[in-house]
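Quick look at model04.pdb (PDB, C-alpha atoms):
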ATOM      1  CA  MET A  21      -1.762 -27.439 -19.781  1.00  0.00           C
ATOM      2  CA  SER A  22      -2.870 -23.816 -19.417  1.00  0.00           C
ATOM      3  CA  LYS A  23      -1.820 -21.723 -16.442  1.00  0.00           C
ATOM      4  CA  PRO A  24      -4.629 -21.072 -13.909  1.00  0.00           C
ATOM      5  CA  ILE A  25      -5.960 -17.520 -13.864  1.00  0.00           C
ATOM      6  CA  GLU A  26      -4.473 -15.630 -10.916  1.00  0.00           C
ATOM      7  CA  ALA A  27      -6.874 -12.652 -10.989  1.00  0.00           C
ATOM      8  CA  SER A  28      -8.828 -10.483 -13.419  1.00  0.00           C
ATOM      9  CA  ILE A  29      -7.439  -7.066 -14.317  1.00  0.00           C
ATOM     10  CA  VAL A  30      -8.618  -4.091 -16.370  1.00  0.00           C
ATOM     11  CA  VAL A  31      -5.821  -2.121 -18.073  1.00  0.00           C
ATOM     12  CA  VAL A  32      -6.681   1.459 -18.996  1.00  0.00           C
ATOM     13  CA  ASP A  33      -4.237   3.401 -21.204  1.00  0.00           C
ATOM     14  CA  ASP A  34      -4.757   5.427 -24.362  1.00  0.00           C
ATOM     15  CA  GLU A  35      -1.359   4.462 -25.799  1.00  0.00           C
ATOM     16  CA  PRO A  36      -1.789   1.202 -27.777  1.00  0.00           C
ATOM     17  CA  SER A  37       1.882   0.212 -27.425  1.00  0.00           C
ATOM     18  CA  ILE A  38       1.826   0.468 -23.617  1.00  0.00           C
ATOM     19  CA  ARG A  39      -1.565  -1.228 -23.434  1.00  0.00           C
ATOM     20  CA  ASP A  40      -0.415  -4.135 -25.609  1.00  0.00           C
ATOM     21  CA  LEU A  41       2.807  -4.609 -23.619  1.00  0.00           C
ATOM     22  CA  LEU A  42       0.916  -4.669 -20.338  1.00  0.00           C
ATOM     23  CA  VAL A  43      -1.664  -7.107 -21.683  1.00  0.00           C
ATOM     24  CA  ALA A  44       1.024  -9.481 -22.976  1.00  0.00           C
ATOM     25  CA  SER A  45       2.990  -9.359 -19.713  1.00  0.00           C
ATOM     26  CA  LEU A  46      -0.060  -9.810 -17.518  1.00  0.00           C
ATOM     27  CA  HIS A  47      -1.363 -12.695 -19.632  1.00  0.00           C
ATOM     28  CA  PHE A  48       2.045 -14.347 -19.354  1.00  0.00           C
ATOM     29  CA  ALA A  49       1.951 -13.839 -15.563  1.00  0.00           C
ATOM     30  CA  GLY A  50      -1.384 -15.649 -15.374  1.00  0.00           C
ATOM     31  CA  PHE A  51      -3.873 -12.781 -15.221  1.00  0.00           C
ATOM     32  CA  GLU A  52      -7.092 -12.403 -17.179  1.00  0.00           C
ATOM     33  CA  VAL A  53      -7.056  -8.956 -18.807  1.00  0.00           C
ATOM     34  CA  ALA A  54      -9.645  -6.597 -20.269  1.00  0.00           C
ATOM     35  CA  THR A  55      -8.709  -3.195 -21.696  1.00  0.00           C
ATOM     36  CA  ALA A  56      -9.998   0.332 -22.219  1.00  0.00           C
ATOM     37  CA  ALA A  57      -8.495   3.303 -24.062  1.00  0.00           C
ATOM     38  CA  SER A  58     -10.405   6.153 -22.422  1.00  0.00           C
ATOM     39  CA  GLY A  59     -11.926   7.105 -19.102  1.00  0.00           C
ATOM     40  CA  SER A  60     -15.531   6.679 -20.190  1.00  0.00           C
ATOM     41  CA  GLU A  61     -14.773   3.283 -21.740  1.00  0.00           C
ATOM     42  CA  ALA A  62     -12.936   2.297 -18.568  1.00  0.00           C
ATOM     43  CA  ILE A  63     -15.988   2.956 -16.399  1.00  0.00           C
ATOM     44  CA  GLU A  64     -18.129   0.758 -18.681  1.00  0.00           C
ATOM     45  CA  VAL A  65     -15.588  -2.083 -18.815  1.00  0.00           C
ATOM     46  CA  ILE A  66     -15.003  -1.995 -15.041  1.00  0.00           C
ATOM     47  CA  GLU A  67     -18.724  -2.102 -14.290  1.00  0.00           C
ATOM     48  CA  GLN A  68     -19.209  -4.985 -16.752  1.00  0.00           C
ATOM     49  CA  THR A  69     -16.238  -7.136 -15.724  1.00  0.00           C
ATOM     50  CA  GLN A  70     -15.987  -6.394 -11.975  1.00  0.00           C
ATOM     51  CA  PRO A  71     -12.191  -6.970 -11.977  1.00  0.00           C
ATOM     52  CA  ASP A  72      -9.975  -7.865  -9.040  1.00  0.00           C
ATOM     53  CA  LEU A  73      -7.666  -4.912  -9.816  1.00  0.00           C
ATOM     54  CA  ILE A  74      -7.460  -1.915 -12.164  1.00  0.00           C
ATOM     55  CA  VAL A  75      -4.286  -0.583 -13.808  1.00  0.00           C
ATOM     56  CA  LEU A  76      -5.221   2.994 -14.671  1.00  0.00           C
ATOM     57  CA  ASP A  77      -3.352   5.682 -16.575  1.00  0.00           C
ATOM     58  CA  VAL A  78      -3.801   9.141 -15.053  1.00  0.00           C
ATOM     59  CA  MET A  79      -3.685  11.099 -18.334  1.00  0.00           C
ATOM     60  CA  LEU A  80      -6.565   9.962 -20.542  1.00  0.00           C
ATOM     61  CA  PRO A  81      -8.091  11.741 -23.581  1.00  0.00           C
ATOM     62  CA  ASP A  82     -11.531  12.419 -22.086  1.00  0.00           C
ATOM     63  CA  ILE A  83     -11.629  12.213 -18.278  1.00  0.00           C
ATOM     64  CA  ASP A  84      -8.534  11.655 -16.168  1.00  0.00           C
ATOM     65  CA  GLY A  85      -7.784   8.608 -14.066  1.00  0.00           C
ATOM     66  CA  PHE A  86      -8.549  10.423 -10.818  1.00  0.00           C
ATOM     67  CA  THR A  87     -12.083  11.196 -12.010  1.00  0.00           C
ATOM     68  CA  VAL A  88     -12.534   7.625 -13.186  1.00  0.00           C
ATOM     69  CA  THR A  89     -11.527   6.379  -9.743  1.00  0.00           C
ATOM     70  CA  SER A  90     -13.886   8.778  -7.970  1.00  0.00           C
ATOM     71  CA  ARG A  91     -16.789   7.674 -10.158  1.00  0.00           C
ATOM     72  CA  ILE A  92     -16.242   3.950  -9.758  1.00  0.00           C
ATOM     73  CA  ARG A  93     -15.829   4.359  -5.998  1.00  0.00           C
ATOM     74  CA  GLN A  94     -19.133   6.255  -5.892  1.00  0.00           C
ATOM     75  CA  ALA A  95     -20.670   3.388  -7.861  1.00  0.00           C
ATOM     76  CA  GLY A  96     -19.511   0.916  -5.216  1.00  0.00           C
ATOM     77  CA  VAL A  97     -16.510  -0.589  -7.024  1.00  0.00           C
ATOM     78  CA  VAL A  98     -13.932  -1.560  -4.395  1.00  0.00           C
ATOM     79  CA  ALA A  99     -11.276  -3.149  -6.647  1.00  0.00           C
ATOM     80  CA  PRO A 100      -7.813  -1.709  -5.887  1.00  0.00           C
ATOM     81  CA  VAL A 101      -6.353   0.787  -8.375  1.00  0.00           C
ATOM     82  CA  LEU A 102      -2.717   0.966  -9.505  1.00  0.00           C
ATOM     83  CA  PHE A 103      -2.100   4.325 -11.191  1.00  0.00           C
ATOM     84  CA  LEU A 104       0.270   4.836 -14.119  1.00  0.00           C
ATOM     85  CA  THR A 105       1.629   8.346 -14.586  1.00  0.00           C
ATOM     86  CA  ALA A 106       4.223  10.085 -16.721  1.00  0.00           C
ATOM     87  CA  ARG A 107       4.821  12.635 -13.970  1.00  0.00           C
ATOM     88  CA  ASP A 108       6.665  11.836 -10.772  1.00  0.00           C
ATOM     89  CA  ASP A 109       4.778  14.569  -8.960  1.00  0.00           C
ATOM     90  CA  THR A 110       3.968  14.422  -5.250  1.00  0.00           C
ATOM     91  CA  GLN A 111       0.682  16.272  -5.664  1.00  0.00           C
ATOM     92  CA  ASP A 112      -0.420  13.750  -8.298  1.00  0.00           C
ATOM     93  CA  LYS A 113       0.370  10.912  -5.927  1.00  0.00           C
ATOM     94  CA  ILE A 114      -1.487  12.602  -3.084  1.00  0.00           C
ATOM     95  CA  MET A 115      -4.504  13.177  -5.319  1.00  0.00           C
ATOM     96  CA  GLY A 116      -4.472   9.564  -6.484  1.00  0.00           C
ATOM     97  CA  LEU A 117      -4.417   8.201  -2.947  1.00  0.00           C
ATOM     98  CA  THR A 118      -7.065  10.681  -1.823  1.00  0.00           C
ATOM     99  CA  VAL A 119      -9.590   9.597  -4.470  1.00  0.00           C
ATOM    100  CA  GLY A 120      -9.157   5.931  -3.601  1.00  0.00           C
ATOM    101  CA  GLY A 121      -6.044   4.693  -5.386  1.00  0.00           C
ATOM    102  CA  ASP A 122      -3.805   2.051  -3.848  1.00  0.00           C
ATOM    103  CA  ASP A 123      -0.395   2.484  -5.469  1.00  0.00           C
ATOM    104  CA  TYR A 124       1.555   4.354  -8.131  1.00  0.00           C
ATOM    105  CA  VAL A 125       4.006   3.459 -10.913  1.00  0.00           C
ATOM    106  CA  THR A 126       5.802   6.228 -12.785  1.00  0.00           C
ATOM    107  CA  LYS A 127       6.472   5.959 -16.521  1.00  0.00           C
ATOM    108  CA  PRO A 128       8.774   4.695 -17.878  1.00  0.00           C
ATOM    109  CA  PHE A 129       8.376   1.548 -15.815  1.00  0.00           C
ATOM    110  CA  SER A 130       9.560  -2.027 -16.034  1.00  0.00           C
ATOM    111  CA  LEU A 131       6.911  -4.644 -16.715  1.00  0.00           C
ATOM    112  CA  GLU A 132       8.369  -6.744 -13.896  1.00  0.00           C
ATOM    113  CA  GLU A 133       7.768  -3.865 -11.467  1.00  0.00           C
ATOM    114  CA  VAL A 134       4.134  -3.536 -12.537  1.00  0.00           C
ATOM    115  CA  VAL A 135       3.507  -7.269 -12.073  1.00  0.00           C
ATOM    116  CA  ALA A 136       5.231  -7.191  -8.664  1.00  0.00           C
ATOM    117  CA  ARG A 137       3.152  -4.189  -7.536  1.00  0.00           C
ATOM    118  CA  ILE A 138      -0.049  -5.868  -8.709  1.00  0.00           C
ATOM    119  CA  ARG A 139       0.718  -9.040  -6.776  1.00  0.00           C
ATOM    120  CA  ALA A 140       1.620  -7.039  -3.659  1.00  0.00           C
ATOM    121  CA  ILE A 141      -1.672  -5.125  -3.802  1.00  0.00           C
ATOM    122  CA  LEU A 142      -3.689  -8.299  -4.379  1.00  0.00           C
ATOM    123  CA  ARG A 143      -1.890 -10.014  -1.493  1.00  0.00           C
ATOM    124  CA  ARG A 144      -2.663  -7.132   0.874  1.00  0.00           C
ATOM    125  CA  THR A 145      -6.280  -7.072  -0.272  1.00  0.00           C
ATOM    126  CA  HIS A 146      -6.625 -10.823   0.243  1.00  0.00           C
ATOM    127  CA  GLU A 147      -5.072 -10.670   3.704  1.00  0.00           C
ATOM    128  CA  GLN A 148      -7.476  -7.915   4.738  1.00  0.00           C
ATOM    129  CA  MET A 149     -10.420 -10.116   3.691  1.00  0.00           C
ATOM    130  CA  GLU A 150      -9.318 -13.152   5.694  1.00  0.00           C
ATOM    131  CA  ASP A 151     -11.133 -14.006   8.917  1.00  0.00           C
ATOM    132  CA  ASN A 152      -8.038 -14.154  11.119  1.00  0.00           C
ATOM    133  CA  PRO A 153      -8.125 -10.958  13.207  1.00  0.00           C
ATOM    134  CA  VAL A 154      -4.402 -11.145  14.069  1.00  0.00           C
ATOM    135  CA  ILE A 155      -1.914  -9.273  11.884  1.00  0.00           C
ATOM    136  CA  SER A 156       1.754 -10.065  12.443  1.00  0.00           C
ATOM    137  CA  VAL A 157       5.147  -8.730  11.437  1.00  0.00           C
ATOM    138  CA  GLY A 158       7.856 -10.814  13.061  1.00  0.00           C
ATOM    139  CA  ASP A 159       7.016 -11.074  16.770  1.00  0.00           C
ATOM    140  CA  LEU A 160       4.784  -7.969  16.618  1.00  0.00           C
ATOM    141  CA  ASN A 161       1.064  -8.757  16.667  1.00  0.00           C
ATOM    142  CA  ILE A 162      -2.122  -6.730  16.393  1.00  0.00           C
ATOM    143  CA  ASN A 163      -5.502  -8.265  17.204  1.00  0.00           C
ATOM    144  CA  GLU A 164      -8.055  -6.289  15.209  1.00  0.00           C
ATOM    145  CA  ASP A 165     -10.973  -7.528  17.282  1.00  0.00           C
ATOM    146  CA  SER A 166      -9.609  -6.531  20.683  1.00  0.00           C
ATOM    147  CA  HIS A 167      -7.107  -3.867  19.492  1.00  0.00           C
ATOM    148  CA  ASP A 168      -4.475  -5.558  21.659  1.00  0.00           C
ATOM    149  CA  VAL A 169      -0.859  -5.075  20.555  1.00  0.00           C
ATOM    150  CA  THR A 170       2.007  -7.318  21.689  1.00  0.00           C
ATOM    151  CA  ARG A 171       5.722  -7.549  20.907  1.00  0.00           C
ATOM    152  CA  ALA A 172       7.594 -10.723  21.861  1.00  0.00           C
ATOM    153  CA  GLY A 173       4.547 -11.630  23.948  1.00  0.00           C
ATOM    154  CA  GLN A 174       4.620  -8.371  25.913  1.00  0.00           C
ATOM    155  CA  PRO A 175       1.618  -6.023  25.781  1.00  0.00           C
ATOM    156  CA  ILE A 176       2.142  -2.564  24.277  1.00  0.00           C
ATOM    157  CA  ASP A 177      -0.143   0.302  25.251  1.00  0.00           C
ATOM    158  CA  LEU A 178      -0.874   2.566  22.270  1.00  0.00           C
ATOM    159  CA  SER A 179      -3.042   5.639  21.848  1.00  0.00           C
ATOM    160  CA  PRO A 180      -5.767   5.406  19.154  1.00  0.00           C
ATOM    161  CA  THR A 181      -3.598   7.433  16.750  1.00  0.00           C
ATOM    162  CA  GLU A 182      -0.512   5.310  17.434  1.00  0.00           C
ATOM    163  CA  TYR A 183      -2.584   2.186  16.859  1.00  0.00           C
ATOM    164  CA  LYS A 184      -3.921   3.484  13.551  1.00  0.00           C
ATOM    165  CA  LEU A 185      -0.412   4.429  12.403  1.00  0.00           C
ATOM    166  CA  LEU A 186       1.015   1.030  13.361  1.00  0.00           C
ATOM    167  CA  ARG A 187      -1.905  -0.743  11.659  1.00  0.00           C
ATOM    168  CA  TYR A 188      -1.249   1.213   8.457  1.00  0.00           C
ATOM    169  CA  LEU A 189       2.458   0.376   8.507  1.00  0.00           C
ATOM    170  CA  MET A 190       1.738  -3.320   9.095  1.00  0.00           C
ATOM    171  CA  ASP A 191      -0.859  -3.402   6.332  1.00  0.00           C
ATOM    172  CA  ASN A 192       1.918  -2.232   4.017  1.00  0.00           C
ATOM    173  CA  GLU A 193       4.776  -4.381   5.317  1.00  0.00           C
ATOM    174  CA  GLY A 194       7.879  -3.964   3.162  1.00  0.00           C
ATOM    175  CA  ARG A 195       6.527  -0.872   1.405  1.00  0.00           C
ATOM    176  CA  VAL A 196       7.869   2.644   2.014  1.00  0.00           C
ATOM    177  CA  LEU A 197       5.079   5.090   2.919  1.00  0.00           C
ATOM    178  CA  SER A 198       5.585   8.815   2.431  1.00  0.00           C
ATOM    179  CA  LYS A 199       4.639  11.376   5.069  1.00  0.00           C
ATOM    180  CA  ALA A 200       1.863  12.585   2.752  1.00  0.00           C
ATOM    181  CA  GLN A 201       0.383   9.077   2.508  1.00  0.00           C
ATOM    182  CA  ILE A 202       0.552   8.645   6.280  1.00  0.00           C
ATOM    183  CA  LEU A 203      -1.029  12.051   6.918  1.00  0.00           C
ATOM    184  CA  ASP A 204      -3.855  11.229   4.529  1.00  0.00           C
ATOM    185  CA  HIS A 205      -4.570   7.796   5.979  1.00  0.00           C
ATOM    186  CA  VAL A 206      -4.036   8.401   9.698  1.00  0.00           C
ATOM    187  CA  TRP A 207      -5.041  12.038  10.158  1.00  0.00           C
ATOM    188  CA  GLN A 208      -7.077  12.772   6.994  1.00  0.00           C
ATOM    189  CA  TYR A 209      -5.244  16.094   6.822  1.00  0.00           C
ATOM    190  CA  ASP A 210      -5.644  18.458   3.946  1.00  0.00           C
ATOM    191  CA  TRP A 211      -2.271  18.937   2.335  1.00  0.00           C
ATOM    192  CA  GLY A 212      -1.419  22.052   4.257  1.00  0.00           C
ATOM    193  CA  GLY A 213      -0.970  19.810   7.284  1.00  0.00           C
ATOM    194  CA  ASP A 214       2.329  19.762   9.136  1.00  0.00           C
ATOM    195  CA  ALA A 215       4.285  16.631   8.192  1.00  0.00           C
ATOM    196  CA  ALA A 216       6.339  17.014  11.397  1.00  0.00           C
ATOM    197  CA  ILE A 217       3.501  15.309  13.250  1.00  0.00           C
ATOM    198  CA  VAL A 218       4.358  12.116  11.350  1.00  0.00           C
ATOM    199  CA  GLU A 219       7.971  12.266  12.542  1.00  0.00           C
ATOM    200  CA  SER A 220       6.804  12.742  16.126  1.00  0.00           C
ATOM    201  CA  TYR A 221       4.412   9.805  16.067  1.00  0.00           C
ATOM    202  CA  ILE A 222       6.924   7.539  14.350  1.00  0.00           C
ATOM    203  CA  SER A 223       9.306   8.400  17.184  1.00  0.00           C
ATOM    204  CA  TYR A 224       6.640   7.577  19.802  1.00  0.00           C
ATOM    205  CA  LEU A 225       5.881   4.299  18.057  1.00  0.00           C
ATOM    206  CA  ARG A 226       9.532   3.320  17.805  1.00  0.00           C
ATOM    207  CA  LYS A 227      10.052   3.798  21.539  1.00  0.00           C
ATOM    208  CA  LYS A 228       7.111   1.540  22.315  1.00  0.00           C
ATOM    209  CA  VAL A 229       7.391  -1.108  19.584  1.00  0.00           C
ATOM    210  CA  ASP A 230      11.160  -1.314  19.142  1.00  0.00           C
ATOM    211  CA  GLY A 231      11.998  -0.450  22.744  1.00  0.00           C
ATOM    212  CA  VAL A 232      10.658  -3.686  24.203  1.00  0.00           C
ATOM    213  CA  THR A 233      13.173  -5.561  26.363  1.00  0.00           C
ATOM    214  CA  VAL A 234      13.220  -9.368  26.471  1.00  0.00           C
ATOM    215  CA  THR A 235      15.145 -11.864  28.569  1.00  0.00           C
ATOM    216  CA  ASP A 236      16.977 -14.703  26.828  1.00  0.00           C
ATOM    217  CA  GLU A 237      17.559 -18.251  28.070  1.00  0.00           C
ATOM    218  CA  ASP A 238      20.725 -17.151  29.912  1.00  0.00           C
ATOM    219  CA  GLY A 239      18.780 -14.565  31.868  1.00  0.00           C
ATOM    220  CA  GLU A 240      20.304 -11.636  29.983  1.00  0.00           C
ATOM    221  CA  SER A 241      18.086  -8.751  28.931  1.00  0.00           C
ATOM    222  CA  HIS A 242      18.273  -7.125  25.516  1.00  0.00           C
ATOM    223  CA  LYS A 243      16.088  -5.048  23.243  1.00  0.00           C
ATOM    224  CA  VAL A 244      14.157  -6.631  20.413  1.00  0.00           C
ATOM    225  CA  GLU A 245      15.362  -6.137  16.855  1.00  0.00           C
ATOM    226  CA  PRO A 246      13.961  -2.921  15.344  1.00  0.00           C
ATOM    227  CA  LEU A 247      11.135  -3.311  12.837  1.00  0.00           C
ATOM    228  CA  ILE A 248      10.297   0.322  11.978  1.00  0.00           C
ATOM    229  CA  GLN A 249      12.662   1.642   9.306  1.00  0.00           C
ATOM    230  CA  THR A 250      13.385   5.136   7.974  1.00  0.00           C
ATOM    231  CA  LYS A 251      14.161   5.621   4.297  1.00  0.00           C
ATOM    232  CA  ARG A 252      15.755   9.034   4.356  1.00  0.00           C
ATOM    233  CA  GLY A 253      14.070  11.552   2.107  1.00  0.00           C
ATOM    234  CA  ILE A 254      11.332   9.042   1.193  1.00  0.00           C
ATOM    235  CA  GLY A 255       9.347   7.888   4.210  1.00  0.00           C
ATOM    236  CA  TYR A 256       8.874   5.006   6.636  1.00  0.00           C
ATOM    237  CA  MET A 257       8.249   1.296   6.513  1.00  0.00           C
ATOM    238  CA  ILE A 258       8.000  -1.777   8.704  1.00  0.00           C
ATOM    239  CA  ARG A 259       9.764  -5.042   7.887  1.00  0.00           C
ATOM    240  CA  GLY A 260      10.207  -8.371   9.603  1.00  0.00           C
ATOM    241  CA  PRO A 261      13.567  -9.100  11.276  1.00  0.00           C
ATOM    242  CA  LYS A 262      14.804 -11.415   8.518  1.00  0.00           C
ATOM    243  CA  SER A 263      14.723  -8.590   5.964  1.00  0.00           C
ATOM    244  CA  VAL A 264      15.770  -5.641   8.106  1.00  0.00           C
ATOM    245  CA  ALA A 265      18.546  -3.703   6.392  1.00  0.00           C
ATOM    246  CA  ASP A 266      21.351  -1.839   8.087  1.00  0.00           C
ATOM    247  CA  ASP A 267      19.935   1.522   7.088  1.00  0.00           C
ATOM    248  CA  GLN A 268      19.087   2.986  10.459  1.00  0.00           C
TER     249      GLN A 268
END
Represent the structure contained in this file as structure tokens.
Amino acid sequence: MSKPIEASIVVVDDEPSIRDLLVASLHFAGFEVATAASGSEAIEVIEQTQPDLIVLDVMLPDIDGFTVTSRIRQAGVVAPVLFLTARDDTQDKIMGLTVGGDDYVTKPFSLEEVVARIRAILRRTHEQMEDNPVISVGDLNINEDSHDVTRAGQPIDLSPTEYKLLRYLMDNEGRVLSKAQILDHVWQYDWGGDAAIVESYISYLRKKVDGVTVTDEDGESHKVEPLIQTKRGIGYMIRGPKSVADDQ
């Protein structure tokens, strides 16, 4: 009995060996896969197949992956894009996210990592399309319709910027977000912007979200378990209590 198709994916890479490995791994994982070896071919294949996700190499022989992404976004293609790059360069990552990319994998990569990233992106995309307006991480809830925020049932008053930052963190639960990504999404800064503003707002958010006090059954008060995490030298993330690491 054949495995049901999980999603349709277009893989774009000009190196046949990498393309073939990705196709084999994704087929094995239950994905339907189409391929392209250049930027211009990618645009044609994407428009024809309307995939659920695109795995796109940045360095292509004709037009680069960033240009491909810009063009398909202009054409109304909303499928998420996972970039592949041989360069672990911050500016490349910033550019990719700015033109409409969703995530990045640096070569050399493990096939298991690529499959895991794809499933994480598809899960986030699916959750965003669901009708339920409430987004939750542990006992922290956001109601998208009313913009109400609660922690352990207690209301939290956030500024519009704090709300947007918290919403972005919760959309990416379990994923570390760099200051550059946060600046781009929350403030739409050009890249001369001061990243210190991110640190300040994370601090504000922590005091409000992780500073909530609750009373237990014995009448004793204590603070809730922290959800907002710092990955030193990398960025910030939010995780539910069951997976919070001792890395404060």
Sort by chain and increasing residue number a table of all residues of segment 117-147 of chain A within 12 Å of segment 48-66 of chain A, each with its closest pair of atoms and their distance in Å to one decimal, counting only C-alpha atoms, and write it as a tab-separated table.
residue	atom	partner	partner_atom	distance
A:Leu131	CA	A:Ala49	CA	10.5
A:Glu132	CA	A:Ala49	CA	9.7
A:Val134	CA	A:Ala49	CA	11.0
A:Val135	CA	A:Ala49	CA	7.6
A:Ala136	CA	A:Ala49	CA	10.1
A:Ile138	CA	A:Phe51	CA	10.2
A:Arg139	CA	A:Ala49	CA	10.1
A:Leu142	CA	A:Phe51	CA	11.7
> Nearest to Val43 of chain A: which of A:Val229, A:Val75, A:Ile217, A:Leu197 is it, counting all atoms listed in the file?
Replying inline: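 Smallest separation from Val43 of chain A among the options: A:Val75.
The smallest atom-to-atom distance between Gly120 of chain A and any of A:Ile29, A:Leu203, A:Val98, A:Ala140, using all atoms listed in the file, is found for A:Val98.
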Practice task
May I ask for the distance between atom CA of Val157 of chain A and atom CA of Met257 of chain A, given in Å to one decimal place?
Solution key: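 Result for atom CA of Val157 of chain A versus atom CA of Met257 of chain A: 11.6 Å, one decimal.
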Please provide the set of residues having any atom within 12 Å of Thr145 of chain A, restricted to only C-alpha atoms, with same-chain residues fewer than 4 positions apart removed, written as a PDB file with C-alpha atoms, keeping the file's coordinate frame.
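Printed below is part.pdb as written:
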ATOM      1  CA  ASP A  72      -9.975  -7.865  -9.040  1.00  0.00           C
ATOM      2  CA  LEU A  73      -7.666  -4.912  -9.816  1.00  0.00           C
ATOM      3  CA  VAL A  98     -13.932  -1.560  -4.395  1.00  0.00           C
ATOM      4  CA  ALA A  99     -11.276  -3.149  -6.647  1.00  0.00           C
ATOM      5  CA  PRO A 100      -7.813  -1.709  -5.887  1.00  0.00           C
ATOM      6  CA  VAL A 101      -6.353   0.787  -8.375  1.00  0.00           C
ATOM      7  CA  ASP A 122      -3.805   2.051  -3.848  1.00  0.00           C
ATOM      8  CA  ILE A 138      -0.049  -5.868  -8.709  1.00  0.00           C
ATOM      9  CA  ARG A 139       0.718  -9.040  -6.776  1.00  0.00           C
ATOM     10  CA  ALA A 140       1.620  -7.039  -3.659  1.00  0.00           C
ATOM     11  CA  ILE A 141      -1.672  -5.125  -3.802  1.00  0.00           C
ATOM     12  CA  MET A 149     -10.420 -10.116   3.691  1.00  0.00           C
ATOM     13  CA  GLU A 150      -9.318 -13.152   5.694  1.00  0.00           C
ATOM     14  CA  ASP A 191      -0.859  -3.402   6.332  1.00  0.00           C
ATOM     15  CA  ASN A 192       1.918  -2.232   4.017  1.00  0.00           C
TER      16      ASN A 192
END
